[in-house]
Amino acid sequence: MSYELQRVELQADAYMVCLQHVLSTENFEVMGLLIGGHIDGVTTISAVIILRRSDKKKDRVEISSEQLYMATAEAERLSEELEREMRVVGWYHSHPHITVNPSHVDVRTQGMYQTMDPRFVGLIFSVFSEDKNTKEQEVLLTCFQSKDGKSKEIPLEITHVPDISLNCAKTMTELPKILAQEEEDMAADCKNHPDILISIHNNAVQTRALEHVTDIVTKPLVQTFSKRLKSNNIQIEYLKNEIKKLRKQIEESS
């Protein structure tokens, strides 16, 4: 068994979950854990666990030991469900408005994870940046490991999957709940303030944050799944008609 990572394959539905998460906010970094497997130097990422932030920071994200334990338990559950080995194979986080290159903190953090698993990988999404030539918004993605205190880029391929897996679909629908819970937790620390004006201000800030979650995450998600449902229904009707034609041909030929 090879323990040297040669390439990473990120399944398209898992990529969609990551993309939805990193585009949910441009003011703070977000992060999550990657679930998949290793085979002969190739790591395949097929599921994502979105982590709830206990503290919002513009330039730093951290994984607690409790979150890592819960992710490991989820990987074990998926192993039983899918009847193949699944494990925590990496992490991802966003770089809003800054370069995709790993910072020295990212490299140090990645190196720490690699002491537990030398094939552990990191993904960084640079979001809300503007292309200097076209002036259009762009999303950049890099895959890296830590080697000798420096970042080493790992070849990454986004692979096609015919359908969104049930696990990825579930994770996508949980994102608005996670973001809303983060706002609830922050608001809880400011409740019942003795100054009524400050209390009104805090409630207004929370309401605005929840409206942001609805407009930026929940509404587009509902629209996406509604369109997919419509597309699936059209496909179902097409297949039913094809079945009728085939049955008729069989009856006529018999």
# chains A, B, ... in the order shown; residues from 1 in each chain; ligands from 1
call {"tool": "residues_around", "arguments": {"residues": "Ala209 (chain A)", "least_positions_apart": "3", "cutoff": "12 Å", "atoms": "only C-alpha atoms", "output": "count of residues only"}}
result
23
call {"tool": "closest_atom_pairs", "arguments": {"of": "region 128-226 of chain A", "to": "region 31-38 of chain A", "cutoff": "12 Å", "atoms": "only C-alpha atoms", "output": "tab-separated table"}}
result
residue	atom	partner	partner_atom	distance
A:Asn167	CA	A:Ile35	CA	10.9
A:Cys168	CA	A:Ile35	CA	10.8
A:Thr171	CA	A:Gly32	CA	11.1
A:Leu175	CA	A:Gly32	CA	11.2
A:Ile178	CA	A:Gly32	CA	11.9
call {"tool": "closest_residue", "arguments": {"among": "A:Val121, A:Val89, A:Ile49, A:Ile39", "to": "Met70 (chain A)", "atoms": "only C-alpha atoms"}}
result
A:Ile49
call {"tool": "select_by_dssp", "arguments": {"residues": "region 113-205 of chain A", "states": "strand (DSSP E)", "output": "short mmCIF file (atom, residue, chain, number, x, y, z; two decimals) with N, CA, C and O atoms, in the first residue's frame"}}
result
data_model
loop_
_atom_site.label_atom_id
_atom_site.label_comp_id
_atom_site.auth_asym_id
_atom_site.auth_seq_id
_atom_site.Cartn_x
_atom_site.Cartn_y
_atom_site.Cartn_z
N VAL A 121 -5.20 15.71 3.08
CA VAL A 121 -5.04 16.75 2.07
C VAL A 121 -5.85 17.99 2.45
O VAL A 121 -6.82 17.90 3.20
N GLY A 122 -5.43 19.13 1.94
CA GLY A 122 -6.14 20.38 2.18
C GLY A 122 -6.60 21.01 0.88
O GLY A 122 -5.87 21.00 -0.11
N LEU A 123 -7.81 21.55 0.87
CA LEU A 123 -8.34 22.31 -0.27
C LEU A 123 -8.59 23.74 0.17
O LEU A 123 -9.09 23.97 1.27
N ILE A 124 -8.23 24.69 -0.68
CA ILE A 124 -8.50 26.10 -0.40
C ILE A 124 -9.28 26.69 -1.58
O ILE A 124 -8.87 26.53 -2.74
N PHE A 125 -10.40 27.33 -1.27
CA PHE A 125 -11.22 28.00 -2.28
C PHE A 125 -11.03 29.51 -2.12
O PHE A 125 -11.36 30.07 -1.08
N SER A 126 -10.49 30.15 -3.15
CA SER A 126 -10.42 31.61 -3.17
C SER A 126 -11.70 32.13 -3.82
O SER A 126 -11.99 31.82 -4.98
N VAL A 127 -12.50 32.87 -3.06
CA VAL A 127 -13.81 33.31 -3.54
C VAL A 127 -13.97 34.82 -3.40
O VAL A 127 -13.25 35.47 -2.65
N PHE A 128 -14.92 35.34 -4.17
CA PHE A 128 -15.24 36.78 -4.16
C PHE A 128 -14.04 37.62 -4.61
O PHE A 128 -13.85 38.75 -4.15
N SER A 129 -13.25 37.04 -5.51
CA SER A 129 -12.14 37.79 -6.10
C SER A 129 -12.50 38.13 -7.54
O SER A 129 -13.32 37.46 -8.17
N GLU A 130 -11.85 39.15 -8.06
CA GLU A 130 -12.17 39.64 -9.40
C GLU A 130 -11.02 39.42 -10.36
O GLU A 130 -9.87 39.70 -10.03
N GLN A 137 -16.24 37.95 -11.44
CA GLN A 137 -15.96 37.18 -10.23
C GLN A 137 -15.42 35.80 -10.62
O GLN A 137 -15.86 35.19 -11.59
N GLU A 138 -14.44 35.31 -9.85
CA GLU A 138 -13.87 34.01 -10.15
C GLU A 138 -13.69 33.21 -8.86
O GLU A 138 -13.58 33.76 -7.77
N VAL A 139 -13.70 31.89 -9.02
CA VAL A 139 -13.44 30.97 -7.91
C VAL A 139 -12.21 30.15 -8.27
O VAL A 139 -12.16 29.52 -9.32
N LEU A 140 -11.20 30.22 -7.42
CA LEU A 140 -9.98 29.46 -7.63
C LEU A 140 -9.87 28.39 -6.55
O LEU A 140 -10.26 28.59 -5.41
N LEU A 141 -9.34 27.24 -6.95
CA LEU A 141 -9.23 26.12 -6.03
C LEU A 141 -7.84 25.51 -6.10
O LEU A 141 -7.30 25.31 -7.19
N THR A 142 -7.24 25.27 -4.95
CA THR A 142 -5.96 24.59 -4.92
C THR A 142 -6.02 23.43 -3.95
O THR A 142 -6.78 23.45 -2.97
N CYS A 143 -5.22 22.41 -4.24
CA CYS A 143 -5.13 21.22 -3.40
C CYS A 143 -3.68 21.10 -2.96
O CYS A 143 -2.77 21.17 -3.79
N PHE A 144 -3.44 20.96 -1.65
CA PHE A 144 -2.06 21.01 -1.19
C PHE A 144 -1.80 20.10 0.00
O PHE A 144 -2.73 19.64 0.68
N GLN A 145 -0.53 19.87 0.22
CA GLN A 145 -0.04 19.21 1.42
C GLN A 145 1.14 20.01 1.96
O GLN A 145 1.64 20.94 1.29
N SER A 146 1.58 19.67 3.14
CA SER A 146 2.74 20.32 3.74
C SER A 146 3.96 19.41 3.60
O SER A 146 3.90 18.22 3.91
N LYS A 147 5.06 19.99 3.12
CA LYS A 147 6.30 19.22 3.00
C LYS A 147 7.48 20.12 3.36
O LYS A 147 7.69 21.16 2.75
N LYS A 150 6.73 23.76 3.87
CA LYS A 150 6.23 24.53 2.74
C LYS A 150 5.05 23.79 2.10
O LYS A 150 4.89 22.59 2.29
N SER A 151 4.26 24.54 1.33
CA SER A 151 3.11 23.91 0.68
C SER A 151 3.54 23.20 -0.60
O SER A 151 4.37 23.71 -1.36
N LYS A 152 2.97 22.04 -0.82
CA LYS A 152 3.23 21.26 -2.03
C LYS A 152 1.89 21.05 -2.74
O LYS A 152 0.95 20.49 -2.16
N GLU A 153 1.79 21.51 -3.97
CA GLU A 153 0.53 21.38 -4.71
C GLU A 153 0.33 19.93 -5.14
O GLU A 153 1.25 19.27 -5.63
N LEU A 156 -5.27 17.82 -8.79
CA LEU A 156 -6.67 17.66 -8.41
C LEU A 156 -7.54 17.56 -9.66
O LEU A 156 -7.39 18.33 -10.61
N GLU A 157 -8.46 16.59 -9.64
CA GLU A 157 -9.40 16.41 -10.74
C GLU A 157 -10.81 16.36 -10.18
O GLU A 157 -11.08 15.62 -9.23
N ILE A 158 -11.71 17.15 -10.76
CA ILE A 158 -13.13 17.08 -10.39
C ILE A 158 -13.78 16.06 -11.31
O ILE A 158 -13.82 16.23 -12.52
N THR A 159 -14.29 14.98 -10.72
CA THR A 159 -14.82 13.87 -11.51
C THR A 159 -16.34 13.91 -11.59
O THR A 159 -17.03 14.29 -10.63
#
call {"tool": "select_by_dssp", "arguments": {"residues": "region 2-150 of chain A", "states": "alpha helix (DSSP H)", "output": "number ranges by chain"}}
result
A: 12-22, 65-82, 104-114
call {"tool": "write_last_selection", "arguments": {"atoms": "C-alpha atoms", "output": "PDB file, in the first residue's frame"}}
result
ATOM      1  CA  ALA A  12     -18.710  16.749  -8.616  1.00  0.00           C
ATOM      2  CA  ASP A  13     -21.496  16.540  -6.036  1.00  0.00           C
ATOM      3  CA  ALA A  14     -19.028  16.922  -3.153  1.00  0.00           C
ATOM      4  CA  TYR A  15     -17.482  19.874  -5.022  1.00  0.00           C
ATOM      5  CA  MET A  16     -20.954  21.433  -5.283  1.00  0.00           C
ATOM      6  CA  VAL A  17     -21.414  21.175  -1.507  1.00  0.00           C
ATOM      7  CA  CYS A  18     -18.042  22.840  -0.873  1.00  0.00           C
ATOM      8  CA  LEU A  19     -18.816  25.579  -3.377  1.00  0.00           C
ATOM      9  CA  GLN A  20     -22.199  26.286  -1.821  1.00  0.00           C
ATOM     10  CA  HIS A  21     -20.574  26.591   1.591  1.00  0.00           C
ATOM     11  CA  VAL A  22     -17.631  28.831   0.649  1.00  0.00           C
ATOM     12  CA  SER A  65     -11.093  17.752  18.573  1.00  0.00           C
ATOM     13  CA  GLU A  66     -14.831  17.265  19.158  1.00  0.00           C
ATOM     14  CA  GLN A  67     -15.631  18.132  15.529  1.00  0.00           C
ATOM     15  CA  LEU A  68     -12.924  15.768  14.285  1.00  0.00           C
ATOM     16  CA  TYR A  69     -14.342  12.981  16.443  1.00  0.00           C
ATOM     17  CA  MET A  70     -17.870  13.588  15.105  1.00  0.00           C
ATOM     18  CA  ALA A  71     -16.543  13.552  11.535  1.00  0.00           C
ATOM     19  CA  THR A  72     -14.787  10.241  12.177  1.00  0.00           C
ATOM     20  CA  ALA A  73     -18.028   8.789  13.547  1.00  0.00           C
ATOM     21  CA  GLU A  74     -19.884  10.002  10.434  1.00  0.00           C
ATOM     22  CA  ALA A  75     -17.251   8.382   8.192  1.00  0.00           C
ATOM     23  CA  GLU A  76     -17.753   5.084  10.031  1.00  0.00           C
ATOM     24  CA  ARG A  77     -21.521   5.375   9.563  1.00  0.00           C
ATOM     25  CA  LEU A  78     -21.046   5.968   5.830  1.00  0.00           C
ATOM     26  CA  SER A  79     -18.720   2.963   5.648  1.00  0.00           C
ATOM     27  CA  GLU A  80     -21.515   0.734   6.922  1.00  0.00           C
ATOM     28  CA  GLU A  81     -24.144   2.391   4.726  1.00  0.00           C
ATOM     29  CA  LEU A  82     -22.110   2.237   1.498  1.00  0.00           C
ATOM     30  CA  HIS A 104       1.987  29.839   6.720  1.00  0.00           C
ATOM     31  CA  VAL A 105      -0.791  29.051   9.216  1.00  0.00           C
ATOM     32  CA  ASP A 106      -2.517  26.819   6.636  1.00  0.00           C
ATOM     33  CA  VAL A 107       0.739  24.974   5.957  1.00  0.00           C
ATOM     34  CA  ARG A 108       1.414  24.493   9.659  1.00  0.00           C
ATOM     35  CA  THR A 109      -2.128  23.253  10.280  1.00  0.00           C
ATOM     36  CA  GLN A 110      -1.906  20.896   7.304  1.00  0.00           C
ATOM     37  CA  GLY A 111       1.394  19.528   8.591  1.00  0.00           C
ATOM     38  CA  MET A 112      -0.224  18.778  11.949  1.00  0.00           C
ATOM     39  CA  TYR A 113      -3.002  16.770  10.266  1.00  0.00           C
ATOM     40  CA  GLN A 114      -0.451  14.837   8.223  1.00  0.00           C
TER      41      GLN A 114
END
call {"tool": "atom_distance", "arguments": {"atom1": "CA of Thr218 (chain A)", "atom2": "CA of Thr173 (chain A)"}}
result
8.2 Å
